[in-house]
$ cat entry_2.tsv   # TSV, N, CA and C atoms
chain	number	residue	atom	x	y	z
A	14	MET	N	-6.81	7.64	-10.61
A	14	MET	CA	-8.01	6.97	-10.17
A	14	MET	C	-7.67	5.80	-9.24
A	15	VAL	N	-6.68	5.02	-9.65
A	15	VAL	CA	-6.27	3.87	-8.83
A	15	VAL	C	-5.73	4.35	-7.48
A	16	PHE	N	-4.97	5.43	-7.50
A	16	PHE	CA	-4.39	5.97	-6.27
A	16	PHE	C	-5.48	6.38	-5.28
A	17	PHE	N	-6.43	7.18	-5.74
A	17	PHE	CA	-7.47	7.68	-4.84
A	17	PHE	C	-8.42	6.58	-4.38
A	18	LEU	N	-8.74	5.66	-5.27
A	18	LEU	CA	-9.60	4.54	-4.87
A	18	LEU	C	-8.89	3.63	-3.88
A	19	THR	N	-7.59	3.45	-4.07
A	19	THR	CA	-6.81	2.66	-3.12
A	19	THR	C	-6.82	3.31	-1.74
A	20	ILE	N	-6.60	4.61	-1.69
A	20	ILE	CA	-6.62	5.31	-0.40
A	20	ILE	C	-7.98	5.19	0.26
A	21	LEU	N	-9.03	5.45	-0.50
A	21	LEU	CA	-10.38	5.42	0.05
A	21	LEU	C	-10.74	4.03	0.58
A	22	LEU	N	-10.48	3.00	-0.19
A	22	LEU	CA	-10.84	1.65	0.24
A	22	LEU	C	-9.94	1.12	1.35
A	23	VAL	N	-8.68	1.48	1.34
A	23	VAL	CA	-7.78	1.04	2.42
A	23	VAL	C	-8.20	1.67	3.74
A	24	VAL	N	-8.56	2.94	3.72
A	24	VAL	CA	-9.03	3.59	4.95
A	24	VAL	C	-10.30	2.90	5.45
A	25	ALA	N	-11.24	2.62	4.54
A	25	ALA	CA	-12.49	1.97	4.94
A	25	ALA	C	-12.24	0.57	5.50
A	26	VAL	N	-11.35	-0.18	4.87
A	26	VAL	CA	-11.06	-1.54	5.34
A	26	VAL	C	-10.31	-1.51	6.66
A	27	GLN	N	-9.40	-0.55	6.83
A	27	GLN	CA	-8.62	-0.47	8.06
A	27	GLN	C	-9.49	-0.12	9.27
A	28	ILE	N	-10.59	0.56	9.05
A	28	ILE	CA	-11.47	0.91	10.16
A	28	ILE	C	-12.18	-0.32	10.70
A	29	PHE	N	-12.63	-1.19	9.82
A	29	PHE	CA	-13.50	-2.28	10.24
A	29	PHE	C	-12.82	-3.65	10.32
A	30	PHE	N	-11.73	-3.86	9.60
A	30	PHE	CA	-11.13	-5.19	9.52
A	30	PHE	C	-9.66	-5.18	9.90
A	31	GLU	N	-9.01	-6.30	9.70
A	31	GLU	CA	-7.60	-6.46	10.05
A	31	GLU	C	-6.70	-5.70	9.08
A	32	TRP	N	-5.45	-5.49	9.47
A	32	TRP	CA	-4.51	-4.71	8.67
A	32	TRP	C	-4.18	-5.36	7.34
A	33	TRP	N	-4.14	-6.68	7.28
A	33	TRP	CA	-3.68	-7.36	6.08
A	33	TRP	C	-4.71	-7.35	4.96
A	34	LEU	N	-5.95	-6.95	5.24
A	34	LEU	CA	-6.93	-6.87	4.17
A	34	LEU	C	-6.67	-5.70	3.22
A	35	MET	N	-5.77	-4.79	3.60
A	35	MET	CA	-5.41	-3.73	2.67
A	35	MET	C	-4.69	-4.32	1.46
A	36	ALA	N	-4.00	-5.44	1.63
A	36	ALA	CA	-3.36	-6.10	0.50
A	36	ALA	C	-4.40	-6.67	-0.46
A	37	VAL	N	-5.47	-7.19	0.07
A	37	VAL	CA	-6.56	-7.72	-0.76
A	37	VAL	C	-7.21	-6.57	-1.54
A	38	VAL	N	-7.39	-5.44	-0.89
A	38	VAL	CA	-7.95	-4.26	-1.56
A	38	VAL	C	-7.05	-3.82	-2.70
A	39	CYS	N	-5.76	-3.74	-2.46
A	39	CYS	CA	-4.80	-3.34	-3.50
A	39	CYS	C	-4.81	-4.32	-4.66
A	40	TYR	N	-4.91	-5.60	-4.35
A	40	TYR	CA	-4.95	-6.65	-5.37
A	40	TYR	C	-6.15	-6.45	-6.29
A	41	PHE	N	-7.34	-6.28	-5.71
A	41	PHE	CA	-8.53	-6.19	-6.53
A	41	PHE	C	-8.65	-4.85	-7.26
A	42	VAL	N	-8.22	-3.78	-6.65
A	42	VAL	CA	-8.25	-2.48	-7.35
A	42	VAL	C	-7.34	-2.54	-8.56
A	43	ALA	N	-6.15	-3.10	-8.40
A	43	ALA	CA	-5.21	-3.20	-9.52
A	43	ALA	C	-5.71	-4.17	-10.58
A	44	ALA	N	-6.35	-5.26	-10.15
A	44	ALA	CA	-6.85	-6.24	-11.11
A	44	ALA	C	-8.00	-5.67	-11.93
A	45	ILE	N	-8.80	-4.82	-11.33
A	45	ILE	CA	-9.96	-4.29	-12.04
A	45	ILE	C	-9.62	-3.03	-12.84
A	46	LEU	N	-8.87	-2.11	-12.25
A	46	LEU	CA	-8.65	-0.81	-12.88
A	46	LEU	C	-7.24	-0.57	-13.39
A	47	GLY	N	-6.31	-1.48	-13.13
A	47	GLY	CA	-4.91	-1.24	-13.48
A	47	GLY	C	-4.67	-1.18	-14.97
A	48	LYS	N	-3.88	-0.21	-15.41
A	48	LYS	CA	-3.56	-0.07	-16.83
A	48	LYS	C	-2.11	-0.43	-17.13
A	49	THR	N	-1.20	-0.07	-16.23
A	49	THR	CA	0.21	-0.43	-16.42
A	49	THR	C	0.76	-1.00	-15.11
A	50	ALA	N	1.79	-1.79	-15.25
A	50	ALA	CA	2.38	-2.42	-14.07
A	50	ALA	C	3.01	-1.39	-13.14
A	51	TRP	N	3.77	-0.45	-13.71
A	51	TRP	CA	4.40	0.57	-12.88
A	51	TRP	C	3.37	1.49	-12.25
A	52	GLY	N	2.30	1.76	-12.98
A	52	GLY	CA	1.25	2.63	-12.46
A	52	GLY	C	0.58	2.05	-11.23
A	53	VAL	N	0.21	0.76	-11.29
A	53	VAL	CA	-0.45	0.16	-10.13
A	53	VAL	C	0.54	-0.03	-8.99
A	54	PHE	N	1.80	-0.32	-9.32
A	54	PHE	CA	2.80	-0.50	-8.27
A	54	PHE	C	2.96	0.77	-7.45
A	55	PHE	N	3.20	1.89	-8.13
A	55	PHE	CA	3.43	3.14	-7.41
A	55	PHE	C	2.16	3.71	-6.80
A	56	SER	N	1.02	3.52	-7.46
A	56	SER	CA	-0.25	3.99	-6.88
A	56	SER	C	-0.54	3.28	-5.57
A	57	ALA	N	-0.37	1.97	-5.55
A	57	ALA	CA	-0.62	1.22	-4.33
A	57	ALA	C	0.42	1.54	-3.26
A	58	PHE	N	1.68	1.66	-3.67
A	58	PHE	CA	2.73	1.96	-2.70
A	58	PHE	C	2.47	3.29	-2.00
A	59	PHE	N	2.27	4.33	-2.78
A	59	PHE	CA	2.09	5.66	-2.18
A	59	PHE	C	0.74	5.81	-1.50
A	60	GLY	N	-0.29	5.11	-1.99
A	60	GLY	CA	-1.58	5.15	-1.33
A	60	GLY	C	-1.53	4.54	0.05
A	61	VAL	N	-0.97	3.35	0.16
A	61	VAL	CA	-0.86	2.68	1.45
A	61	VAL	C	0.16	3.40	2.34
A	62	PHE	N	1.24	3.90	1.74
A	62	PHE	CA	2.24	4.67	2.49
A	62	PHE	C	1.58	5.85	3.18
A	63	PHE	N	0.78	6.60	2.45
A	63	PHE	CA	0.10	7.76	3.00
A	63	PHE	C	-0.87	7.38	4.12
A	64	VAL	N	-1.66	6.34	3.89
A	64	VAL	CA	-2.64	5.91	4.90
A	64	VAL	C	-1.95	5.42	6.16
A	65	TRP	N	-0.94	4.58	6.02
A	65	TRP	CA	-0.28	4.02	7.19
A	65	TRP	C	0.53	5.07	7.95
A	66	ALA	N	1.16	5.99	7.24
A	66	ALA	CA	1.91	7.05	7.94
A	66	ALA	C	0.95	7.94	8.72
A	67	THR	N	-0.17	8.27	8.11
A	67	THR	CA	-1.17	9.10	8.80
A	67	THR	C	-1.76	8.37	9.99
A	68	LYS	N	-2.08	7.10	9.80
A	68	LYS	CA	-2.66	6.31	10.89
A	68	LYS	C	-1.67	6.15	12.05
A	69	ALA	N	-0.41	5.90	11.74
A	69	ALA	CA	0.60	5.74	12.80
A	69	ALA	C	0.81	7.06	13.54
A	70	PHE	N	0.84	8.16	12.81
A	70	PHE	CA	1.01	9.46	13.45
A	70	PHE	C	-0.18	9.80	14.34
A	71	TRP	N	-1.39	9.51	13.85
A	71	TRP	CA	-2.60	9.79	14.64
A	71	TRP	C	-2.64	8.93	15.91
A	72	ALA	N	-2.31	7.66	15.78
A	72	ALA	CA	-2.30	6.77	16.96
A	72	ALA	C	-1.23	7.22	17.95
A	73	ASP	N	-0.11	7.72	17.43
A	73	ASP	CA	0.96	8.19	18.30
A	73	ASP	C	0.55	9.44	19.07
A	74	LEU	N	-0.18	10.31	18.43
A	74	LEU	CA	-0.67	11.50	19.11
A	74	LEU	C	-1.69	11.17	20.20
A	75	GLN	N	-2.49	10.15	19.97
A	75	GLN	CA	-3.53	9.80	20.93
A	75	GLN	C	-2.97	9.18	22.21
A	76	ASN	N	-1.84	8.48	22.13
A	76	ASN	CA	-1.30	7.88	23.35
A	76	ASN	C	-0.06	8.61	23.86
A	77	GLU	N	0.10	9.86	23.45
A	77	GLU	CA	1.16	10.74	23.95
A	77	GLU	C	2.57	10.19	23.74
A	78	GLN	N	2.80	9.53	22.63
A	78	GLN	CA	4.10	9.01	22.20
A	78	GLN	C	4.71	7.98	23.15
A	79	ILE	N	3.90	7.33	23.94
A	79	ILE	CA	4.44	6.33	24.87
A	79	ILE	C	4.89	5.09	24.12
A	80	LEU	N	4.00	4.53	23.30
A	80	LEU	CA	4.32	3.29	22.58
A	80	LEU	C	5.42	3.51	21.55
A	81	SER	N	5.36	4.60	20.80
A	81	SER	CA	6.38	4.84	19.78
A	81	SER	C	7.75	5.07	20.42
A	82	GLY	N	7.79	5.69	21.59
A	82	GLY	CA	9.06	5.87	22.29
A	82	GLY	C	9.68	4.54	22.70
A	83	ARG	N	8.84	3.63	23.17
A	83	ARG	CA	9.35	2.31	23.57
A	83	ARG	C	9.80	1.49	22.37
A	84	ILE	N	9.04	1.57	21.29
A	84	ILE	CA	9.43	0.82	20.08
A	84	ILE	C	10.70	1.42	19.48
A	85	ALA	N	10.81	2.73	19.51
A	85	ALA	CA	12.03	3.37	19.01
A	85	ALA	C	13.25	2.95	19.82
A	86	GLU	N	13.09	2.84	21.14
A	86	GLU	CA	14.19	2.34	21.98
A	86	GLU	C	14.55	0.91	21.62
A	87	LEU	N	13.53	0.11	21.34
A	87	LEU	CA	13.75	-1.29	20.98
A	87	LEU	C	14.59	-1.42	19.72
A	88	PHE	N	14.34	-0.53	18.74
A	88	PHE	CA	15.08	-0.58	17.49
A	88	PHE	C	16.33	0.28	17.48
A	89	GLY	N	16.61	0.94	18.59
A	89	GLY	CA	17.81	1.76	18.68
A	89	GLY	C	17.67	3.13	18.04
A	90	LEU	N	16.46	3.58	17.84
A	90	LEU	CA	16.23	4.91	17.29
A	90	LEU	C	16.07	5.89	18.44
A	91	SER	N	16.19	7.18	18.14
A	91	SER	CA	15.99	8.17	19.19
A	91	SER	C	14.52	8.22	19.56
A	92	ALA	N	14.23	8.54	20.81
A	92	ALA	CA	12.85	8.58	21.29
A	92	ALA	C	12.07	9.63	20.53
A	93	GLY	N	10.85	9.28	20.11
A	93	GLY	CA	10.02	10.20	19.35
A	93	GLY	C	10.51	10.39	17.93
A	94	SER	N	11.24	9.43	17.42
A	94	SER	CA	11.84	9.55	16.11
A	94	SER	C	10.79	9.44	15.00
A	95	GLU	N	10.91	10.29	14.01
A	95	GLU	CA	10.02	10.23	12.86
A	95	GLU	C	10.38	9.07	11.94
A	96	TRP	N	11.55	8.50	12.12
A	96	TRP	CA	11.94	7.36	11.31
A	96	TRP	C	11.03	6.17	11.54
A	97	LEU	N	10.47	6.08	12.72
A	97	LEU	CA	9.57	4.98	13.02
A	97	LEU	C	8.34	5.05	12.13
A	98	PHE	N	7.79	6.24	11.91
A	98	PHE	CA	6.64	6.39	11.02
A	98	PHE	C	7.01	6.04	9.59
A	99	ALA	N	8.20	6.44	9.17
A	99	ALA	CA	8.65	6.13	7.82
A	99	ALA	C	8.82	4.63	7.62
A	100	ILE	N	9.38	3.95	8.62
A	100	ILE	CA	9.56	2.50	8.52
A	100	ILE	C	8.22	1.80	8.44
A	101	ILE	N	7.27	2.19	9.27
A	101	ILE	CA	5.94	1.60	9.25
A	101	ILE	C	5.28	1.83	7.90
A	102	ALA	N	5.35	3.05	7.40
A	102	ALA	CA	4.71	3.38	6.12
A	102	ALA	C	5.37	2.66	4.95
A	103	ILE	N	6.68	2.51	4.98
A	103	ILE	CA	7.37	1.80	3.89
A	103	ILE	C	7.00	0.33	3.88
A	104	ILE	N	6.92	-0.28	5.04
A	104	ILE	CA	6.52	-1.69	5.10
A	104	ILE	C	5.11	-1.87	4.54
A	105	GLY	N	4.19	-1.03	4.96
A	105	GLY	CA	2.83	-1.11	4.43
A	105	GLY	C	2.78	-0.85	2.93
A	106	GLY	N	3.56	0.14	2.47
A	106	GLY	CA	3.60	0.45	1.05
A	106	GLY	C	4.13	-0.69	0.21
A	107	ILE	N	5.15	-1.36	0.70
A	107	ILE	CA	5.71	-2.49	-0.04
A	107	ILE	C	4.71	-3.64	-0.12
A	108	ILE	N	4.02	-3.91	0.96
A	108	ILE	CA	3.01	-4.97	0.95
A	108	ILE	C	1.90	-4.64	-0.04
A	109	GLY	N	1.41	-3.40	0.01
A	109	GLY	CA	0.36	-2.98	-0.91
A	109	GLY	C	0.81	-2.99	-2.36
A	110	ALA	N	2.05	-2.56	-2.62
A	110	ALA	CA	2.56	-2.51	-3.99
A	110	ALA	C	2.71	-3.91	-4.58
A	111	PHE	N	3.23	-4.85	-3.80
A	111	PHE	CA	3.36	-6.20	-4.33
A	111	PHE	C	2.02	-6.89	-4.51
A	112	ALA	N	1.06	-6.58	-3.66
A	112	ALA	CA	-0.29	-7.12	-3.85
A	112	ALA	C	-0.90	-6.55	-5.12
A	113	ALA	N	-0.70	-5.26	-5.36
A	113	ALA	CA	-1.25	-4.63	-6.56
A	113	ALA	C	-0.61	-5.18	-7.83
A	114	ILE	N	0.68	-5.35	-7.80
A	114	ILE	CA	1.35	-5.88	-9.00
A	114	ILE	C	0.93	-7.32	-9.26
A	115	SER	N	0.65	-8.06	-8.20
A	115	SER	CA	0.14	-9.42	-8.37
A	115	SER	C	-1.25	-9.40	-8.99
A	116	GLY	N	-2.10	-8.48	-8.56
A	116	GLY	CA	-3.43	-8.35	-9.14
A	116	GLY	C	-3.37	-7.95	-10.60
A	117	TYR	N	-2.48	-7.03	-10.93
A	117	TYR	CA	-2.35	-6.59	-12.32
A	117	TYR	C	-1.90	-7.74	-13.22
A	118	TYR	N	-0.90	-8.48	-12.78
A	118	TYR	CA	-0.41	-9.57	-13.62
A	118	TYR	C	-1.37	-10.76	-13.66
A	119	THR	N	-2.17	-10.93	-12.63
A	119	THR	CA	-3.22	-11.95	-12.70
A	119	THR	C	-4.23	-11.58	-13.78
A	120	LYS	N	-4.58	-10.29	-13.85
A	120	LYS	CA	-5.49	-9.83	-14.90
A	120	LYS	C	-4.87	-10.04	-16.27
A	121	ARG	N	-3.59	-9.77	-16.40
A	121	ARG	CA	-2.92	-9.90	-17.70
A	121	ARG	C	-2.87	-11.34	-18.19
A	122	ILE	N	-2.95	-12.31	-17.28
A	122	ILE	CA	-2.98	-13.72	-17.70
A	122	ILE	C	-4.22	-14.00	-18.52
A	123	PHE	N	-5.34	-13.43	-18.12
A	123	PHE	CA	-6.62	-13.75	-18.74
A	123	PHE	C	-7.02	-12.82	-19.87
A	124	ILE	N	-6.33	-11.72	-20.05
A	124	ILE	CA	-6.65	-10.79	-21.13
A	124	ILE	C	-5.67	-11.00	-22.26
A	125	LYS	N	-6.20	-11.31	-23.43
A	125	LYS	CA	-5.36	-11.49	-24.60
A	125	LYS	C	-5.25	-10.14	-25.32
A	126	THR	N	-4.03	-9.78	-25.68
A	126	THR	CA	-3.82	-8.53	-26.41
A	126	THR	C	-3.57	-8.84	-27.87
A	127	LYS	N	-3.92	-7.90	-28.70
A	127	LYS	CA	-3.69	-8.05	-30.13
A	127	LYS	C	-2.22	-7.81	-30.42
A	128	PRO	N	-1.67	-8.49	-31.40
A	128	PRO	CA	-0.27	-8.23	-31.78
A	128	PRO	C	-0.12	-6.80	-32.27
A	129	THR	N	1.01	-6.20	-31.97
A	129	THR	CA	1.23	-4.81	-32.35
A	129	THR	C	1.78	-4.68	-33.77
A	130	SER	N	2.32	-5.74	-34.32
A	130	SER	CA	2.84	-5.68	-35.69
A	130	SER	C	2.49	-6.97	-36.42
A	131	ILE	N	2.66	-6.93	-37.72
A	131	ILE	CA	2.36	-8.11	-38.54
A	131	ILE	C	3.36	-9.22	-38.27
A	132	ILE	N	4.58	-8.89	-37.98
A	132	ILE	CA	5.63	-9.88	-37.77
A	132	ILE	C	5.39	-10.73	-36.52
A	133	SER	N	4.75	-10.20	-35.50
A	133	SER	CA	4.60	-10.91	-34.23
A	133	SER	C	3.38	-11.83	-34.19
A	134	ARG	N	2.86	-12.24	-35.35
A	134	ARG	CA	1.72	-13.15	-35.35
A	134	ARG	C	2.16	-14.48	-34.93

$ encode --input "entry_2.tsv" --output "structure tokens"
Amino acid sequence: MVFFLTILLVVAVQIFFEWWLMAVVCYFVAAILGKTAWGVFFSAFFGVFFVWATKAFWADLQNEQILSGRIAELFGLSAGSEWLFAIIAIIGGIIGAFAAISGYYTKRIFIKTKPTSIISR
């Protein structure tokens, strides 16, 4: 649920607003719906990874690989390299994952859990 909602909201936010608001989306989705730390981390990472890789590939197709070729030359990659899409997607995924984990742990500050055993009172 967190994965699909993250993808849906990140796509919607990316259409109308700046790129960095996807971190805010990941934060709030994880704070509201997150159940485990690893779950929200990987859901946000792969959700943003998928959106950013798709968006970069689509933008690259629209401008006939001119910009990606120049950026690949700048970084010393081969022209038209798929590594450029992977680097872009990993950077976005890391930003989204850390925002989500921050949202999850912010929620955990305010939610008190019951002790799991009698000894831990």

$ select_by_dssp --input "entry_2.tsv" --residues "segment 25-78 of chain A" --states "helix (DSSP H, G or I)" --output "mmCIF file with N, CA and C atoms, in the coordinates of the input"
data_model
loop_
_atom_site.group_PDB
_atom_site.id
_atom_site.type_symbol
_atom_site.label_atom_id
_atom_site.label_comp_id
_atom_site.auth_asym_id
_atom_site.auth_seq_id
_atom_site.Cartn_x
_atom_site.Cartn_y
_atom_site.Cartn_z
ATOM 1 N N ALA A 25 -11.240 2.620 4.540
ATOM 2 C CA ALA A 25 -12.490 1.970 4.940
ATOM 3 C C ALA A 25 -12.240 0.570 5.500
ATOM 4 N N VAL A 26 -11.350 -0.180 4.870
ATOM 5 C CA VAL A 26 -11.060 -1.540 5.340
ATOM 6 C C VAL A 26 -10.310 -1.510 6.660
ATOM 7 N N GLN A 27 -9.400 -0.550 6.830
ATOM 8 C CA GLN A 27 -8.620 -0.470 8.060
ATOM 9 C C GLN A 27 -9.490 -0.120 9.270
ATOM 10 N N ILE A 28 -10.590 0.560 9.050
ATOM 11 C CA ILE A 28 -11.470 0.910 10.160
ATOM 12 C C ILE A 28 -12.180 -0.320 10.700
ATOM 13 N N PHE A 29 -12.630 -1.190 9.820
ATOM 14 C CA PHE A 29 -13.500 -2.280 10.240
ATOM 15 C C PHE A 29 -12.820 -3.650 10.320
ATOM 16 N N LEU A 34 -5.950 -6.950 5.240
ATOM 17 C CA LEU A 34 -6.930 -6.870 4.170
ATOM 18 C C LEU A 34 -6.670 -5.700 3.220
ATOM 19 N N MET A 35 -5.770 -4.790 3.600
ATOM 20 C CA MET A 35 -5.410 -3.730 2.670
ATOM 21 C C MET A 35 -4.690 -4.320 1.460
ATOM 22 N N ALA A 36 -4.000 -5.440 1.630
ATOM 23 C CA ALA A 36 -3.360 -6.100 0.500
ATOM 24 C C ALA A 36 -4.400 -6.670 -0.460
ATOM 25 N N VAL A 37 -5.470 -7.190 0.070
ATOM 26 C CA VAL A 37 -6.560 -7.720 -0.760
ATOM 27 C C VAL A 37 -7.210 -6.570 -1.540
ATOM 28 N N VAL A 38 -7.390 -5.440 -0.890
ATOM 29 C CA VAL A 38 -7.950 -4.260 -1.560
ATOM 30 C C VAL A 38 -7.050 -3.820 -2.700
ATOM 31 N N CYS A 39 -5.760 -3.740 -2.460
ATOM 32 C CA CYS A 39 -4.800 -3.340 -3.500
ATOM 33 C C CYS A 39 -4.810 -4.320 -4.660
ATOM 34 N N TYR A 40 -4.910 -5.600 -4.350
ATOM 35 C CA TYR A 40 -4.950 -6.650 -5.370
ATOM 36 C C TYR A 40 -6.150 -6.450 -6.290
ATOM 37 N N PHE A 41 -7.340 -6.280 -5.710
ATOM 38 C CA PHE A 41 -8.530 -6.190 -6.530
ATOM 39 C C PHE A 41 -8.650 -4.850 -7.260
ATOM 40 N N VAL A 42 -8.220 -3.780 -6.650
ATOM 41 C CA VAL A 42 -8.250 -2.480 -7.350
ATOM 42 C C VAL A 42 -7.340 -2.540 -8.560
ATOM 43 N N ALA A 43 -6.150 -3.100 -8.400
ATOM 44 C CA ALA A 43 -5.210 -3.200 -9.520
ATOM 45 C C ALA A 43 -5.710 -4.170 -10.580
ATOM 46 N N ALA A 44 -6.350 -5.260 -10.150
ATOM 47 C CA ALA A 44 -6.850 -6.240 -11.110
ATOM 48 C C ALA A 44 -8.000 -5.670 -11.930
ATOM 49 N N ILE A 45 -8.800 -4.820 -11.330
ATOM 50 C CA ILE A 45 -9.960 -4.290 -12.040
ATOM 51 C C ILE A 45 -9.620 -3.030 -12.840
ATOM 52 N N LEU A 46 -8.870 -2.110 -12.250
ATOM 53 C CA LEU A 46 -8.650 -0.810 -12.880
ATOM 54 C C LEU A 46 -7.240 -0.570 -13.390
ATOM 55 N N ALA A 50 1.790 -1.790 -15.250
ATOM 56 C CA ALA A 50 2.380 -2.420 -14.070
ATOM 57 C C ALA A 50 3.010 -1.390 -13.140
ATOM 58 N N TRP A 51 3.770 -0.450 -13.710
ATOM 59 C CA TRP A 51 4.400 0.570 -12.880
ATOM 60 C C TRP A 51 3.370 1.490 -12.250
ATOM 61 N N GLY A 52 2.300 1.760 -12.980
ATOM 62 C CA GLY A 52 1.250 2.630 -12.460
ATOM 63 C C GLY A 52 0.580 2.050 -11.230
ATOM 64 N N VAL A 53 0.210 0.760 -11.290
ATOM 65 C CA VAL A 53 -0.450 0.160 -10.130
ATOM 66 C C VAL A 53 0.540 -0.030 -8.990
ATOM 67 N N PHE A 54 1.800 -0.320 -9.320
ATOM 68 C CA PHE A 54 2.800 -0.500 -8.270
ATOM 69 C C PHE A 54 2.960 0.770 -7.450
ATOM 70 N N PHE A 55 3.200 1.890 -8.130
ATOM 71 C CA PHE A 55 3.430 3.140 -7.410
ATOM 72 C C PHE A 55 2.160 3.710 -6.800
ATOM 73 N N SER A 56 1.020 3.520 -7.460
ATOM 74 C CA SER A 56 -0.250 3.990 -6.880
ATOM 75 C C SER A 56 -0.540 3.280 -5.570
ATOM 76 N N ALA A 57 -0.370 1.970 -5.550
ATOM 77 C CA ALA A 57 -0.620 1.220 -4.330
ATOM 78 C C ALA A 57 0.420 1.540 -3.260
ATOM 79 N N PHE A 58 1.680 1.660 -3.670
ATOM 80 C CA PHE A 58 2.730 1.960 -2.700
ATOM 81 C C PHE A 58 2.470 3.290 -2.000
ATOM 82 N N PHE A 59 2.270 4.330 -2.780
ATOM 83 C CA PHE A 59 2.090 5.660 -2.180
ATOM 84 C C PHE A 59 0.740 5.810 -1.500
ATOM 85 N N GLY A 60 -0.290 5.110 -1.990
ATOM 86 C CA GLY A 60 -1.580 5.150 -1.330
ATOM 87 C C GLY A 60 -1.530 4.540 0.050
ATOM 88 N N VAL A 61 -0.970 3.350 0.160
ATOM 89 C CA VAL A 61 -0.860 2.680 1.450
ATOM 90 C C VAL A 61 0.160 3.400 2.340
ATOM 91 N N PHE A 62 1.240 3.900 1.740
ATOM 92 C CA PHE A 62 2.240 4.670 2.490
ATOM 93 C C PHE A 62 1.580 5.850 3.180
ATOM 94 N N PHE A 63 0.780 6.600 2.450
ATOM 95 C CA PHE A 63 0.100 7.760 3.000
ATOM 96 C C PHE A 63 -0.870 7.380 4.120
ATOM 97 N N VAL A 64 -1.660 6.340 3.890
ATOM 98 C CA VAL A 64 -2.640 5.910 4.900
ATOM 99 C C VAL A 64 -1.950 5.420 6.160
ATOM 100 N N TRP A 65 -0.940 4.580 6.020
ATOM 101 C CA TRP A 65 -0.280 4.020 7.190
ATOM 102 C C TRP A 65 0.530 5.070 7.950
ATOM 103 N N ALA A 66 1.160 5.990 7.240
ATOM 104 C CA ALA A 66 1.910 7.050 7.940
ATOM 105 C C ALA A 66 0.950 7.940 8.720
ATOM 106 N N THR A 67 -0.170 8.270 8.110
ATOM 107 C CA THR A 67 -1.170 9.100 8.800
ATOM 108 C C THR A 67 -1.760 8.370 9.990
ATOM 109 N N LYS A 68 -2.080 7.100 9.800
ATOM 110 C CA LYS A 68 -2.660 6.310 10.890
ATOM 111 C C LYS A 68 -1.670 6.150 12.050
ATOM 112 N N ALA A 69 -0.410 5.900 11.740
ATOM 113 C CA ALA A 69 0.600 5.740 12.800
ATOM 114 C C ALA A 69 0.810 7.060 13.540
ATOM 115 N N PHE A 70 0.840 8.160 12.810
ATOM 116 C CA PHE A 70 1.010 9.460 13.450
ATOM 117 C C PHE A 70 -0.180 9.800 14.340
ATOM 118 N N TRP A 71 -1.390 9.510 13.850
ATOM 119 C CA TRP A 71 -2.600 9.790 14.640
ATOM 120 C C TRP A 71 -2.640 8.930 15.910
ATOM 121 N N ALA A 72 -2.310 7.660 15.780
ATOM 122 C CA ALA A 72 -2.300 6.770 16.960
ATOM 123 C C ALA A 72 -1.230 7.220 17.950
ATOM 124 N N ASP A 73 -0.110 7.720 17.430
ATOM 125 C CA ASP A 73 0.960 8.190 18.300
ATOM 126 C C ASP A 73 0.550 9.440 19.070
ATOM 127 N N LEU A 74 -0.180 10.310 18.430
ATOM 128 C CA LEU A 74 -0.670 11.500 19.110
ATOM 129 C C LEU A 74 -1.690 11.170 20.200
ATOM 130 N N GLN A 75 -2.490 10.150 19.970
ATOM 131 C CA GLN A 75 -3.530 9.800 20.930
ATOM 132 C C GLN A 75 -2.970 9.180 22.210
#

$ residues_around --input "entry_2.tsv" --residues "segment 116-120 of chain A" --least-positions-apart "5" --cutoff "6.5 Å" --atoms "only N, CA and C atoms" --output "list in words"
Cys39, Tyr40, Phe41, Ala43, Ala44, Ile45, Gly47 and Phe111 of chain A

$ closest_residue --input "entry_2.tsv" --among "A:Leu97, A:Leu34, A:Leu87, A:Val23" --to "Val64 of chain A" --atoms "only C-alpha atoms"
A:Val23

$ residues_near_point --input "entry_2.tsv" --point "(1.8, 2.0, -10.9)" --cutoff "12 Å" --atoms "only C-alpha atoms" --output "JSON, numbers by chain"
{"A": [14, 15, 16, 19, 39, 42, 43, 44, 46, 47, 48, 49, 50, 51, 52, 53, 54, 55, 56, 57, 58, 59, 60, 109, 110, 111, 112, 113, 114, 115, 116, 117]}

$ atom_distance --input "entry_2.tsv" --atom1 "atom CA of Leu90 of chain A" --atom2 "atom CA of Ile107 of chain A"
21.6 Å

$ atom_distance --input "entry_2.tsv" --atom1 "atom N of Met35 of chain A" --atom2 "atom N of Leu21 of chain A"
11.5 Å

$ atom_distance --input "entry_2.tsv" --atom1 "atom CA of Glu95 of chain A" --atom2 "atom CA of Ser81 of chain A"
9.5 Å

$ residues_near_point --input "entry_2.tsv" --point "(3.3, 8.9, 10.9)" --cutoff "8 Å" --atoms "only N, CA and C atoms" --output "list in words"
Val64, Trp65, Ala66, Thr67, Lys68, Ala69, Phe70, Trp71, Ala72, Asp73, Glu95, Leu97, Phe98, Ala99, Ile101 and Ala102 of chain A

$ closest_residue --input "entry_2.tsv" --among "A:Phe88, A:Trp32, A:Ile124, A:Gly106" --to "Val61 of chain A" --atoms "only N, CA and C atoms"
A:Gly106

$ decode --input "entry_2.tsv" --residues "segment 58-62 of chain A" --atoms "N, CA and C atoms" --output "PDB file, in the first residue's frame"
ATOM      1  N   PHE A  58      12.111   3.981  -1.367  1.00  0.00           N
ATOM      2  CA  PHE A  58      13.260   3.908  -2.267  1.00  0.00           C
ATOM      3  C   PHE A  58      12.853   3.401  -3.643  1.00  0.00           C
ATOM      4  N   PHE A  59      12.184   2.260  -3.677  1.00  0.00           N
ATOM      5  CA  PHE A  59      11.836   1.672  -4.974  1.00  0.00           C
ATOM      6  C   PHE A  59      10.726   2.437  -5.675  1.00  0.00           C
ATOM      7  N   GLY A  60       9.821   3.058  -4.914  1.00  0.00           N
ATOM      8  CA  GLY A  60       8.785   3.874  -5.526  1.00  0.00           C
ATOM      9  C   GLY A  60       9.360   5.082  -6.240  1.00  0.00           C
ATOM     10  N   VAL A  61      10.221   5.821  -5.564  1.00  0.00           N
ATOM     11  CA  VAL A  61      10.845   6.997  -6.173  1.00  0.00           C
ATOM     12  C   VAL A  61      11.835   6.568  -7.258  1.00  0.00           C
ATOM     13  N   PHE A  62      12.548   5.465  -7.039  1.00  0.00           N
ATOM     14  CA  PHE A  62      13.467   4.941  -8.043  1.00  0.00           C
ATOM     15  C   PHE A  62      12.731   4.686  -9.352  1.00  0.00           C
TER      16      PHE A  62
END
